[in-house]
Amino acid sequence: MSRYNAKEVEAKWQQAWSEQRIFEARAEPGRPKYYVLEMFPYPSGRIHMGHVRNYTLGDVVARYRRARGFNVIHPMGWDAFGLPAENAARDKGIHPARWTYDNIANMRAELKSMGLAIDWTREIATCHPGYYGHQQKLFLDFLKAGLVDRKESAVNWDPVDQTVLANEQVIDGRGWRSGALVEKRKLAQWVFRITAFADELLESLGELERWPARVRLMQENWIGRSEGAYVNFPIVGRDSALKIFTTRHDTLFGASFMALSADHPLARQAGEKDPAVADFIAECQRMGTTEEAIEKAEKRGIDIGLRVRHPIDPSRELPVYIANFVLMDYGTGAIFGCPAHDQRDFDFATRYGLPIVPVVAPKGDAAAVASLDTAYVGDGLLINSGFLDGMTVADAKAAMAEKLRELDAGEPTVTFRLRDWGLSRQRYWGCPIPVIHCESCGIVPVPESDLPVILPDDVTFDRPGNPLDHHPTWKHVDCPSCGRAARRETDTMDTFVDSSWYFARFCSPRADVPIVREEVDYWLPVDQYIGGIEHAILHLLYSRFYSRAMKQCDWVSVDEPFDGLFTQGMVCHETYKSADGAWLYPEELEWLEDGGVRERQSGKPVTVGRSESMSKSKKNVIDPGAIIDKYGADTARWFMLSDSPPERDMEWTDAGVSGAWRFSQRLWRQIVESAPRHAAAPDALPNDIDDAGLAVRRATHKTIRDVGAAIDGFHFNVAVARIHEFSRVLGSYEGEGPSADWVIREALDALVRLFAPMMPHLAEEAWSTLGHSGLVAEAEWPAFDPQLVVDDTVTIVVQVGGKTRAKLELARDLDERAVREAAFASDNVVRAMAGKTARKVIVVPNRLVNVVV
RNA sequence: GGCCGCGUGGUGGAAUUGGUAGACACAGCAGACUUAAAAUCUGCUUCGGUUACCCGAGUGCCGGUUCGAGUCCGGCCGCGGCCACCA
C-alpha cells in the first residue's frame with residue numbers, strides 16, 4: 001500500500017509553484033480580476049492557529065477563483081510597526097528593526113510551508129521606508145486637503161512611561177505596562193478628520209451587501225448618528241448664552257437644571273474663582289473611564305452659582321452645575337437636565353433636591369407620572385408644556401424646533417458619536433509624522449523632496465518616554481520655510497494608519513509614488529477580504545475613511561475598499577490547570593487509559609477546563625509549525641475547513657487532525673491505485689454505459705455542482721462533506737466497477753480538482769499521477785452536465801395528517817393523478833388512514849403528498 | 001442599561017429557505033482481515049416502546065399561523081457579542 005509522504009511532496013510542489021511563478025499577478029485590462037486579501041499579520045515571531053485558519057480560508061478562495069478563470073491577485077505583507085518591538089528592545093536589548101525583520105523572516109518561512117497561492121513578489125512591510133515614506137506623502141496630501149487637523153484633546157497619559165495610552169491599554173485606571181495611575185491630559189494631537197465623512201460612512205454601509213450584517217450594524221452604532229437640537233440658554237447677568245445639545249427638546253418644559261462637563265470653558269472659569277469648584281473638577285478628571293468605574297460612580301455635581309433663563313419661558317431661572325457624567329467631547333459638553341425623563345438626570349435631581357416635573361405621560365394621563373421612582377422614557381403625550389400639551393413626542397419635537405428657530409434660541413442639528421481619529425503616538429517604532437514646528441512659521445510640512453523622513457537607527461530605550469525625543473540630533477532641523485532652527489515632530493503615527501491603505505499599495509508595491517492609478521483602477525476594490533471580527537470597527541472604518549480621503553486627493557477611484565468581507569471565527573482549545581491553579585500546555589499532560597489526565601512530569605492531577613480561544617496566557621496553544629511538520633500543510637488546512645463553518649469558532653482537537661490526515665491518505669490510495677487502470681474519456685462520450693457507470697457519472701456531476709456552490713457561499717465545511725461523500729461512492733465501485741473505465745477516470749479528474757483549493761499539494765501529486773502534464777493549480781474548475789445532476793426518479797414523501805408514513809420512489813415529473821394513486825396504494829398510508837376519507841390532498845411536485853384526514 | 005445574534009444527537013455540525021430533521025465527520029459499539037496489535041475495510045449509532053417491521057416522542061420552554069414549522073409570528077428561559085454616563 002503506497003503511503004503519501006506529505007513532507008517531501010509538499011516541498012516539491014511549493015518549489016514548482018515558485019519556479020513557474022504562477023501566482024505572480026499582472027494587471028490585464030479587460031480580463032476579469034479577483035482581489036483576495038486576508039488581514040496581514042503583525043510579525044510577532046511565529047504564526048498561530050488563527051493565522052492558519054485565516055490564510056487557509058483566503059487561499060481556498062484564491063485558488064478557486066483562479067480555477068474559475070479570474071485574474072487573481074493574492075498578496076501578503078507585514079503590519080510591522082507597533083509597541084511589541086519597542087518592548088523587546090527595552091526587555092532584551094534588541095533593536096526594534098532587527099527584532100521585526102527577524103520575526104518576518106521566521107513567519108514568512110512558516111507561511112510558505114502552508115503552500116499558499118500568494119504573489120510573494122508583492123510582499124511589503126509597513127516599517128520599511130519604501131512603505132512608510134509613501135504614507136508620509138499621503139499624509140501631506142491629506143494635510144493640504146484639509147483632512148488633517150491639530151487639536152487639543154484629552155488623552156490617557158502614563159506618567160511613568162511618559163506616553164499616551166490607547167483606551168484599551170488602560171486597565172482599571174492604570175497603565176498596562178507601568179501600573180501607574182493614568183492621568184487625563186490635554187495634548188495637542190494630530191487628528192484625521194474622519195467626522196467630515198460621518199454621514200457618508202454611515203450611508204454607504206447600506207451598499208456593502210457582501211459584508212456581514214453584524215459588522216455593518218456595529219459600525220452604524222459606532223458612528224452613532226442622532227438627530228436633536230442645539231438650544232441656547234441666556235446666562236443671567238451676561239451677554240452670552242449656554243449652548244447645549246439635546247435629542248429631547250420636546251421635554252424642554254421639564255428642565256430643572258443645567259449640567260456642564262468638568263472640561264467646559266464655563267466650568268474652568270468658575271474653577272479659577274472658587275477652590276471648591278476647582279477641587280471638584282480635579283476629581284472628575286481623575287475619574288476612571290472603565291466599565292466598573294462608570295457603573296459605580298454616583299451622579300455628583302457642584303452648583304457654580306451661575307443662572308440661566310429658560311429660552312421659552314424667560315421667567316424661569318435654572319441653576320448651572322458641573323456634573324461628573326457630562327462628556328466634553330459629545331454635543332457641546334453641556335446639557336439641560338430633565339429629571340422626569342432621563343434616568344441620569346433623575347438620579348442627579350434626587351440627590352440635589354431639584355424639581356422633577358413630568359412633561360410626557362402615557363396617553364397624556366398626568367396621574368400615571370405623578371410620582372415617579374424612575375425616569376419615564378417611554379412614548380406618550382405632552383403635559384405641563386404650554387403650547388406642546390397634547391402632542392405626541394414626535395410632534396412636540398417638531399413644534400419645539402420651529403419655536404426655537406422663531407425665537408432664535410436654537411436649531412435642529414445632527415450629532416455623531418464618532419470622534420476624529422487621533423493619530424499621534426509618542427513612540428519610536430512608527431511612521432514619523434512629516435511636519436516641522438517652527439517658532440516663527442508655525443507648522444511647516446516637510447518638503448516632498450525631503451521624504452521619506454526616516455527613523456534614526458541609533459536610538460536608546462534606557463529611559464521612559466519617546467526615544468525620538470531623546471535623540472541628540474534627529475529632531476533638530478532648519479525650518480524649510482524661513483531657514484531658522486526648528487523642531488521636527490517627534491510623534492509617530494498610530495499603527496492603524498499603516499493598515500488603512502496597504503491594500504492599495506499591494507497593487508504597485510515597488511512604485512516610487514504611493515499608488516499607481518492604472519494599477520489600483522484595475523485591482524481595487526478588494527473582492528474578498530477575510531479577517532477576524534475584532535477589527536469590525538476600527539481597522540475597517542479607518543480603511544473606509546482612508547479610501548475616501550485618497551479618492552479626494554486623486555489617488556484612487558473607489559470609495560469603498562472592500563467589496564466583500566468575511567469574518568472568521570476563532571480557533572479554540574481545551575484549557576488545563578494544575579492542582580495549584582497554574583495553566584498547563586497540552587504537551588505537559590499525560591492521558592491515561594481510563595480517560596483521566598495528569599501532569600507528565602509530576603503525575604499530579606489536572607483539571608480540564610472549557611474550550612477557549614487559543615492564547616499564550618492560558619497556554620492552550622498548538623503550534624502550527626509542529627502540526628505541519630508532523631502531518632503536512634494539507635492536513636492542517638483540511639482540518640481547518642472541516643466540520644465548523646468558517647464564521648464560527650472552531651475547536652482544535654487531536655482527533656480532528658488525525659481524521660483529516662487519514663482522509664488525505666485515503667484519497668491518495670484511492671487515486672494512485674485506480675489511476676493506472678482507467679483510461680481518459682474518449683472525445684465523443686458513448687451513450688451506452690451501464691447503470692453503474694451512469695450512477696458514478698451522476699455522483700461526479702452532482703458533486704461538482706455542490707462543491708462549487710458550497711465554496712461560492714463560504715460553506716467550506718459542506719464542500720468538505722460532499723467530497724467525503726463522493727470518495728465513499730467511488731470507493732464502493734472499487735471492486736466491481738462500471739464497464740466503461742473512463743467513467744472512473746472522469747470522476748478522479750474531477751475529484752482532484754475539487755479538493756485542489758483545500759489540499760493543493762496532494763492535488764498536484766495526484767494530478768500528475770493521473771498523467772496530466774500541467775499544474776492542477778492552473779487547471780480549470782470542472783464543469784457539470786446539467787442533465788446528469790437530475791435523477792430520473794424522485795423520492796416522494798407521503799404524509800398523513802402531516803406525519804410521514806411512506807416514501808415512494810417514483811418517476812420524475814409524474815403527473816399528479818398517478819402520484820396520488822401511488823400514494824393511496826401504499827400499505828402504510830392505508831393503515832395510517834384507518835378507513836377515514838381524505839378531506840384534502842396536497843401534492844408538491846416531485847417532493848411530497850400530504851393527505852389531510 | 002441600549003442594540004444585535006444564537007439555542008438541533010454523546011460531540012462538531014447538515015437541512016434546496018415553509019416540504020424526508022440529524023447529511024458529512026468525530027467519539028462509541030459490533031464484525032472482517034491479523035498469531036496479536038496498529039492500520040484498513042464493513043455495519044450499527046436521537047430517545048423510548050422487546051430485534052426486524054412498525055408505533056410514540058423529538059430541533060431551549062410555552063403558545064400561535066399553516067395541510068405541513070428547526071425554519072414564520074408572540075411571550076418566556078439560557079448563552080454569547082458589540083456599545084455603554086453619547087444627553
# chains A, B, ... in the order shown; residues from 1 in each chain; ligands from 1
$ interface_residues --of "chain A" --to "chain B" --cutoff "8 Å" --atoms "only C-alpha atoms (C1' of nucleotides)" --output "MDAnalysis selection string"
chainID A and resid 214 217:218 221:222 245:247 294 325:327 330 335:336 344 417 642:644 655:656 659 718 720:722 724:725 797 801:802 804 807 840:842 844 847:848 850:852
$ residues_around --residues "Leu147 (chain A)" --least-positions-apart "5" --cutoff "9 Å" --atoms "only C-alpha atoms (C1' of nucleotides)" --output "list in words"
Phe139, Asp141, Phe142, Val191, Phe192, Arg193, Ile194, Ala196 and Ala549 of chain A
$ write_last_selection --atoms "all heavy atoms" --output "PDB file, in the first residue's frame"
ATOM      1  N   PHE A 139      -0.015  61.571   3.847  1.00  0.00           N
ATOM      2  CA  PHE A 139      -0.337  62.429   4.977  1.00  0.00           C
ATOM      3  C   PHE A 139      -0.260  63.901   4.563  1.00  0.00           C
ATOM      4  O   PHE A 139      -1.143  64.699   4.881  1.00  0.00           O
ATOM      5  CB  PHE A 139       0.624  62.152   6.137  1.00  0.00           C
ATOM      6  CG  PHE A 139       0.403  63.028   7.341  1.00  0.00           C
ATOM      7  CD1 PHE A 139      -0.457  62.639   8.357  1.00  0.00           C
ATOM      8  CD2 PHE A 139       1.050  64.256   7.453  1.00  0.00           C
ATOM      9  CE1 PHE A 139      -0.666  63.446   9.460  1.00  0.00           C
ATOM     10  CE2 PHE A 139       0.832  65.072   8.556  1.00  0.00           C
ATOM     11  CZ  PHE A 139      -0.016  64.663   9.563  1.00  0.00           C
ATOM     12  N   ASP A 141      -0.599  65.117   1.600  1.00  0.00           N
ATOM     13  CA  ASP A 141      -1.733  65.399   0.721  1.00  0.00           C
ATOM     14  C   ASP A 141      -3.009  65.636   1.526  1.00  0.00           C
ATOM     15  O   ASP A 141      -3.780  66.542   1.235  1.00  0.00           O
ATOM     16  CB  ASP A 141      -1.958  64.231  -0.246  1.00  0.00           C
ATOM     17  CG  ASP A 141      -0.982  64.257  -1.412  1.00  0.00           C
ATOM     18  OD1 ASP A 141      -0.076  65.115  -1.397  1.00  0.00           O
ATOM     19  OD2 ASP A 141      -1.122  63.424  -2.323  1.00  0.00           O
ATOM     20  N   PHE A 142      -3.183  64.807   2.519  1.00  0.00           N
ATOM     21  CA  PHE A 142      -4.383  64.951   3.355  1.00  0.00           C
ATOM     22  C   PHE A 142      -4.345  66.283   4.104  1.00  0.00           C
ATOM     23  O   PHE A 142      -5.351  66.958   4.272  1.00  0.00           O
ATOM     24  CB  PHE A 142      -4.488  63.807   4.365  1.00  0.00           C
ATOM     25  CG  PHE A 142      -4.796  62.453   3.775  1.00  0.00           C
ATOM     26  CD1 PHE A 142      -4.909  62.265   2.408  1.00  0.00           C
ATOM     27  CD2 PHE A 142      -4.989  61.354   4.600  1.00  0.00           C
ATOM     28  CE1 PHE A 142      -5.183  61.019   1.864  1.00  0.00           C
ATOM     29  CE2 PHE A 142      -5.277  60.101   4.083  1.00  0.00           C
ATOM     30  CZ  PHE A 142      -5.368  59.932   2.710  1.00  0.00           C
ATOM     31  N   VAL A 191      -4.992  64.899  14.235  1.00  0.00           N
ATOM     32  CA  VAL A 191      -6.171  64.062  14.023  1.00  0.00           C
ATOM     33  C   VAL A 191      -6.528  64.019  12.541  1.00  0.00           C
ATOM     34  O   VAL A 191      -6.287  64.981  11.803  1.00  0.00           O
ATOM     35  CB  VAL A 191      -7.416  64.567  14.812  1.00  0.00           C
ATOM     36  CG1 VAL A 191      -7.140  64.571  16.295  1.00  0.00           C
ATOM     37  CG2 VAL A 191      -7.853  65.937  14.333  1.00  0.00           C
ATOM     38  N   PHE A 192      -7.060  62.882  12.112  1.00  0.00           N
ATOM     39  CA  PHE A 192      -7.677  62.801  10.792  1.00  0.00           C
ATOM     40  C   PHE A 192      -9.131  63.202  10.954  1.00  0.00           C
ATOM     41  O   PHE A 192      -9.808  62.747  11.892  1.00  0.00           O
ATOM     42  CB  PHE A 192      -7.619  61.372  10.255  1.00  0.00           C
ATOM     43  CG  PHE A 192      -6.270  60.973   9.739  1.00  0.00           C
ATOM     44  CD1 PHE A 192      -5.632  59.854  10.237  1.00  0.00           C
ATOM     45  CD2 PHE A 192      -5.653  61.713   8.739  1.00  0.00           C
ATOM     46  CE1 PHE A 192      -4.390  59.467   9.747  1.00  0.00           C
ATOM     47  CE2 PHE A 192      -4.409  61.337   8.245  1.00  0.00           C
ATOM     48  CZ  PHE A 192      -3.776  60.215   8.751  1.00  0.00           C
ATOM     49  N   ARG A 193      -9.625  63.980  10.031  1.00  0.00           N
ATOM     50  CA  ARG A 193     -10.997  64.481  10.180  1.00  0.00           C
ATOM     51  C   ARG A 193     -11.993  63.460   9.631  1.00  0.00           C
ATOM     52  O   ARG A 193     -12.732  63.712   8.686  1.00  0.00           O
ATOM     53  CB  ARG A 193     -11.124  65.835   9.484  1.00  0.00           C
ATOM     54  CG  ARG A 193     -10.258  66.896  10.180  1.00  0.00           C
ATOM     55  CD  ARG A 193     -10.564  68.283   9.677  1.00  0.00           C
ATOM     56  NE  ARG A 193     -11.986  68.558   9.772  1.00  0.00           N
ATOM     57  CZ  ARG A 193     -12.716  69.061   8.780  1.00  0.00           C
ATOM     58  NH1 ARG A 193     -12.166  69.321   7.615  1.00  0.00           N
ATOM     59  NH2 ARG A 193     -14.002  69.276   8.947  1.00  0.00           N
ATOM     60  N   ILE A 194     -12.017  62.325  10.290  1.00  0.00           N
ATOM     61  CA  ILE A 194     -12.920  61.258   9.865  1.00  0.00           C
ATOM     62  C   ILE A 194     -14.378  61.691  10.029  1.00  0.00           C
ATOM     63  O   ILE A 194     -15.261  61.251   9.292  1.00  0.00           O
ATOM     64  CB  ILE A 194     -12.619  59.949  10.642  1.00  0.00           C
ATOM     65  CG1 ILE A 194     -13.400  58.757  10.072  1.00  0.00           C
ATOM     66  CG2 ILE A 194     -12.872  60.106  12.125  1.00  0.00           C
ATOM     67  CD1 ILE A 194     -12.963  57.418  10.652  1.00  0.00           C
ATOM     68  N   ALA A 196     -15.654  64.334   9.163  1.00  0.00           N
ATOM     69  CA  ALA A 196     -16.144  65.020   7.965  1.00  0.00           C
ATOM     70  C   ALA A 196     -16.878  64.047   7.050  1.00  0.00           C
ATOM     71  O   ALA A 196     -17.666  64.453   6.201  1.00  0.00           O
ATOM     72  CB  ALA A 196     -14.976  65.660   7.218  1.00  0.00           C
ATOM     73  N   ALA A 549     -10.569  59.546   1.590  1.00  0.00           N
ATOM     74  CA  ALA A 549      -9.567  60.616   1.621  1.00  0.00           C
ATOM     75  C   ALA A 549      -8.624  60.482   0.424  1.00  0.00           C
ATOM     76  O   ALA A 549      -8.282  61.471  -0.224  1.00  0.00           O
ATOM     77  CB  ALA A 549      -8.790  60.545   2.936  1.00  0.00           C
TER      78      ALA A 549
END
$ residues_around --residues "C62 (chain B)" --least-positions-apart "6" --cutoff "12 Å" --atoms "only C-alpha atoms (C1' of nucleotides)" --output "PyMOL selection string"
chain B and resi 74-77
$ closest_residue --among "A:Asp149, A:Glu764, A:Glu19, A:Asp395" --to "Ala779 (chain A)" --atoms "only C-alpha atoms"
A:Glu764
$ select_by_dssp --residues "region 369-470 of chain A" --states "alpha helix (DSSP H)" --output "PyMOL selection string"
chain A and resi 393-406+467-470
$ atom_distance --atom1 "CA of His715 (chain A)" --atom2 "CA of Ala6 (chain A)"
26.1 Å
$ atom_distance --atom1 "CA of Ala394 (chain A)" --atom2 "CA of Gly364 (chain A)"
14.0 Å
$ atom_distance --atom1 "CA of Val729 (chain A)" --atom2 "CA of Leu770 (chain A)"
19.2 Å
$ residues_around --residues "Tyr542 (chain A)" --least-positions-apart "6" --cutoff "10 Å" --atoms "only C-alpha atoms (C1' of nucleotides)" --output "list in words"
Phe192, Ile194, Trp421, Phe496, Val497, Ser499, Ser500, Trp501 and Arg548 of chain A
$ write_last_selection --atoms "C-alpha atoms" --output "mmCIF file, in the first residue's frame"
data_model
loop_
_atom_site.group_PDB
_atom_site.id
_atom_site.type_symbol
_atom_site.label_atom_id
_atom_site.label_comp_id
_atom_site.auth_asym_id
_atom_site.auth_seq_id
_atom_site.Cartn_x
_atom_site.Cartn_y
_atom_site.Cartn_z
ATOM 1 C CA PHE A 192 -7.677 62.801 10.792
ATOM 2 C CA ILE A 194 -12.920 61.258 9.865
ATOM 3 C CA TRP A 421 -9.167 59.948 14.743
ATOM 4 C CA PHE A 496 -3.834 51.782 12.294
ATOM 5 C CA VAL A 497 -2.722 54.317 9.696
ATOM 6 C CA SER A 499 -3.071 49.247 7.700
ATOM 7 C CA SER A 500 -5.517 51.776 6.246
ATOM 8 C CA TRP A 501 -4.030 51.804 2.765
ATOM 9 C CA ARG A 548 -12.435 58.384 0.636
#
$ residues_around --residues "U17 (chain B)" --least-positions-apart "6" --cutoff "12 Å" --atoms "only C-alpha atoms (C1' of nucleotides)" --output "NGL selection string"
:B and (70-72)
$ closest_residue --among "A:Arg225, A:His74, A:His573, A:Arg108" --to "Leu37 (chain A)" --atoms "only C-alpha atoms"
A:His74
$ closest_residue --among "A:Lys12, A:Lys186, A:Arg31, A:Pro464" --to "Tyr522 (chain A)" --atoms "only C-alpha atoms"
A:Arg31
$ residues_around --residues "Phe639 (chain A)" --least-positions-apart "6" --cutoff "9 Å" --atoms "only C-alpha atoms (C1' of nucleotides)" --output "count of residues only"
7
$ residues_around --residues "Lys630 (chain A)" --least-positions-apart "2" --cutoff "12 Å" --atoms "only C-alpha atoms (C1' of nucleotides)" --output "list in words"
Asn5, Ala6, Lys7, Glu8, Asp623, Pro624, Gly625, Ala626, Ile627, Ile628, Gly632, Ala633, Asp634, Thr635, Ala636, Val657, Ser658 and Trp661 of chain A
$ closest_residue --among "A:Glu411, A:Glu406, A:Glu183, A:Glu10" --to "Tyr230 (chain A)" --atoms "only C-alpha atoms"
A:Glu411
$ select_by_dssp --residues "region 157-252 of chain A" --states "strand (DSSP E)" --output "PyMOL selection string"
chain A and resi 157-158+163-165+170-171+174-175+183-192+225-234+241-246
$ write_last_selection --atoms "N, CA, C and O atoms" --output "short mmCIF file (atom, residue, chain, number, x, y, z; two decimals), in the first residue's frame"
data_model
loop_
_atom_site.label_atom_id
_atom_site.label_comp_id
_atom_site.auth_asym_id
_atom_site.auth_seq_id
_atom_site.Cartn_x
_atom_site.Cartn_y
_atom_site.Cartn_z
N TRP A 157 -2.69 59.63 29.83
CA TRP A 157 -1.26 59.87 29.93
C TRP A 157 -0.68 59.01 31.03
O TRP A 157 -1.13 59.05 32.17
N ASP A 158 0.32 58.21 30.66
CA ASP A 158 1.00 57.39 31.65
C ASP A 158 2.21 58.17 32.16
O ASP A 158 3.17 58.38 31.42
N THR A 163 3.99 58.47 28.13
CA THR A 163 3.42 58.31 26.79
C THR A 163 1.91 58.29 26.86
O THR A 163 1.33 58.09 27.93
N VAL A 164 1.33 58.53 25.73
CA VAL A 164 -0.12 58.44 25.61
C VAL A 164 -0.49 56.97 25.48
O VAL A 164 0.21 56.20 24.82
N LEU A 165 -1.57 56.60 26.12
CA LEU A 165 -2.04 55.22 26.00
C LEU A 165 -3.38 55.21 25.31
O LEU A 165 -4.20 56.11 25.50
N VAL A 170 -5.47 51.02 28.99
CA VAL A 170 -5.71 51.46 30.35
C VAL A 170 -6.58 50.42 31.04
O VAL A 170 -7.70 50.17 30.63
N ILE A 171 -6.03 49.77 32.04
CA ILE A 171 -6.76 48.72 32.74
C ILE A 171 -7.00 49.16 34.17
O ILE A 171 -6.06 49.43 34.92
N ARG A 174 -5.19 52.17 35.29
CA ARG A 174 -3.73 52.15 35.36
C ARG A 174 -3.12 51.74 34.03
O ARG A 174 -3.72 50.99 33.27
N GLY A 175 -1.92 52.23 33.80
CA GLY A 175 -1.21 51.86 32.56
C GLY A 175 -0.91 50.37 32.58
O GLY A 175 -0.50 49.83 33.60
N GLU A 183 -3.40 59.55 33.97
CA GLU A 183 -3.99 60.87 34.09
C GLU A 183 -4.64 61.26 32.77
O GLU A 183 -4.25 60.79 31.73
N LYS A 184 -5.62 62.16 32.91
CA LYS A 184 -6.16 62.74 31.68
C LYS A 184 -5.39 64.01 31.42
O LYS A 184 -5.26 64.86 32.30
N ARG A 185 -4.87 64.12 30.22
CA ARG A 185 -4.07 65.29 29.90
C ARG A 185 -4.55 65.89 28.61
O ARG A 185 -4.97 65.19 27.70
N LYS A 186 -4.41 67.19 28.55
CA LYS A 186 -4.70 67.86 27.28
C LYS A 186 -3.41 67.92 26.51
O LYS A 186 -2.41 68.43 26.99
N LEU A 187 -3.44 67.38 25.31
CA LEU A 187 -2.24 67.42 24.48
C LEU A 187 -2.65 67.82 23.08
O LEU A 187 -3.74 67.49 22.61
N ALA A 188 -1.75 68.54 22.42
CA ALA A 188 -2.00 68.84 21.01
C ALA A 188 -1.72 67.58 20.22
O ALA A 188 -0.65 67.01 20.30
N GLN A 189 -2.73 67.13 19.50
CA GLN A 189 -2.63 65.87 18.78
C GLN A 189 -2.99 66.09 17.32
O GLN A 189 -3.86 66.90 17.02
N TRP A 190 -2.34 65.32 16.48
CA TRP A 190 -2.79 65.32 15.09
C TRP A 190 -4.00 64.42 14.97
O TRP A 190 -4.02 63.34 15.55
N VAL A 191 -4.99 64.90 14.24
CA VAL A 191 -6.17 64.06 14.02
C VAL A 191 -6.53 64.02 12.54
O VAL A 191 -6.29 64.98 11.80
N PHE A 192 -7.06 62.88 12.11
CA PHE A 192 -7.68 62.80 10.79
C PHE A 192 -9.13 63.20 10.95
O PHE A 192 -9.81 62.75 11.89
N ARG A 225 -25.32 58.22 14.75
CA ARG A 225 -25.97 59.46 14.35
C ARG A 225 -27.17 59.72 15.25
O ARG A 225 -27.99 58.83 15.46
N SER A 226 -27.26 60.92 15.83
CA SER A 226 -28.53 61.23 16.49
C SER A 226 -29.02 62.62 16.13
O SER A 226 -28.27 63.58 16.08
N GLU A 227 -30.31 62.64 15.87
CA GLU A 227 -30.95 63.90 15.49
C GLU A 227 -31.45 64.59 16.74
O GLU A 227 -32.07 63.98 17.60
N GLY A 228 -31.16 65.87 16.83
CA GLY A 228 -31.61 66.62 18.00
C GLY A 228 -31.56 68.09 17.70
O GLY A 228 -31.80 68.49 16.56
N ALA A 229 -31.24 68.88 18.72
CA ALA A 229 -31.23 70.33 18.53
C ALA A 229 -30.21 70.97 19.45
O ALA A 229 -29.93 70.46 20.53
N TYR A 230 -29.64 72.07 18.97
CA TYR A 230 -28.90 72.95 19.87
C TYR A 230 -29.91 73.91 20.49
O TYR A 230 -30.82 74.39 19.79
N VAL A 231 -29.74 74.19 21.77
CA VAL A 231 -30.60 75.18 22.41
C VAL A 231 -29.71 76.12 23.21
O VAL A 231 -28.80 75.68 23.91
N ASN A 232 -29.99 77.43 23.06
CA ASN A 232 -29.22 78.43 23.79
C ASN A 232 -30.00 78.91 25.00
O ASN A 232 -31.15 79.34 24.89
N PHE A 233 -29.36 78.81 26.18
CA PHE A 233 -29.96 79.30 27.41
C PHE A 233 -29.21 80.58 27.80
O PHE A 233 -28.04 80.50 28.17
N PRO A 234 -29.88 81.76 27.72
CA PRO A 234 -29.20 83.02 28.07
C PRO A 234 -28.72 82.98 29.51
O PRO A 234 -29.45 82.55 30.40
N ALA A 241 -24.78 83.13 26.05
CA ALA A 241 -25.74 82.06 26.33
C ALA A 241 -24.98 80.75 26.50
O ALA A 241 -23.87 80.59 26.02
N LEU A 242 -25.62 79.83 27.18
CA LEU A 242 -25.07 78.48 27.31
C LEU A 242 -25.71 77.61 26.25
O LEU A 242 -26.94 77.47 26.19
N LYS A 243 -24.88 77.03 25.40
CA LYS A 243 -25.40 76.24 24.29
C LYS A 243 -25.34 74.76 24.66
O LYS A 243 -24.29 74.26 25.08
N ILE A 244 -26.46 74.10 24.50
CA ILE A 244 -26.49 72.66 24.82
C ILE A 244 -26.98 71.89 23.61
O ILE A 244 -27.55 72.44 22.68
N PHE A 245 -26.73 70.57 23.67
CA PHE A 245 -27.30 69.69 22.65
C PHE A 245 -28.26 68.73 23.34
O PHE A 245 -28.00 68.24 24.44
N THR A 246 -29.39 68.52 22.70
CA THR A 246 -30.36 67.56 23.24
C THR A 246 -31.06 66.82 22.12
O THR A 246 -31.16 67.32 21.01
#
